[in-house]
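Everything below concerns the one structure shown next.
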Amino acid sequence: MQEKFILNNGVEMPKIGYGVFRMTDLKACEEAVIQAIKTGYRLIDTAAAYANEVAVGQAVKKCGLDRKELFITTKLWITDTSYEGAKRGFARSMEKLGLDYVDLYLIHQPYNDYYGAWRALEELYAAGKVRAIGVDNFTQDKLADFVYWNKVKPAVNFVECNPFYQREAERTYMENKDIVMQAWSPLAAGQADFLANATLQTIAAAHEKSVAQVALRWQVQRGVVPIVKSANAQRMADNLNIFDFALTDAEMQEISKLDTGHTCFAPRQTGVAVEEFLENAKLYEL
């Protein structure tokens, strides 16, 4: 049985998940999710904006496992981030997934009326339509404000996190608030010659593991849930095979030195960058 973290409402969530971002070929996505489940993944992460909820839903139906054995996450897109929009967006996602409930429902981005949307998510949670609710891409300051003013605290905050962008202060804050950090791009999308990094290679060799396995193990030991993506069956298995070894304190410290303190992607810290992002967000067909 896969190891799990316990969320702040008592729900158990697997310590590693399989993501389907940019898997726009629905048949290929469905087959990949079925293979991931066959390999041993139990947390499957999708989103309305990924345009593949239908494929994930079909995979869940065809995988041969009882629904209760799986942990399914989907997310509310920006254009539906309001009280009424969240109700519509959730109903649309459920129709595409073909499920009676989801295990985790996230506000995908900290834009638009996310306070209004949270009211709707709280109602969905109270009604048993979702087992846990959370947020995505909330920086520490926005998360603090959000937690302060809401009755139901997010169970999860899903952010970019990898050895090159470790976000330790944010991770510590979330831990203190009993919010689990999930990590997207836990392998930095292969940027900056990630797999060739000398520090990670040395540690990997010491454990007879791959650089990817070391990076994923590092996340789990910090209490972070990495969401990984691969259509290759062997890499799926390798990425999951991180629970038979542990990194030493010295190795964790060596990895901590790799932190650059900034995103591996285009930053979104200026008004112009946010405006461009929001304009592009309108282009998604939901």
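The chains in the structure tokens are called A, B, ... from first to last as shown; in each chain the residues are counted from 1, and the ligands are counted from 1 in the order shown.
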Could you pull out all residues of range 119-245 of chain A with a DSSP call of strand (DSSP E) and give them as a count of residues only? 19
Considering only C-alpha atoms, state which residue in the set A:Gly190, A:Pro226, A:Gly10, A:Gly271 is at the smallest distance from Asp178 in chain A. A:Gly10
Residues near range 242-257 of chain A, cut-off 10 Å, only C-alpha atoms, skip fewer than 2 positions along chain, as a PyMOL selection string: chain A and resi 2-3+15-16+163-166+168+199-200+202-204+206-210+212-222+237-240+259-260
Kindly indicate which residue among A:Phe158, A:Tyr41, A:Trp149, A:Phe90 lies nearest to Lys129 in chain A, using only C-alpha atoms for the distances. A:Phe90
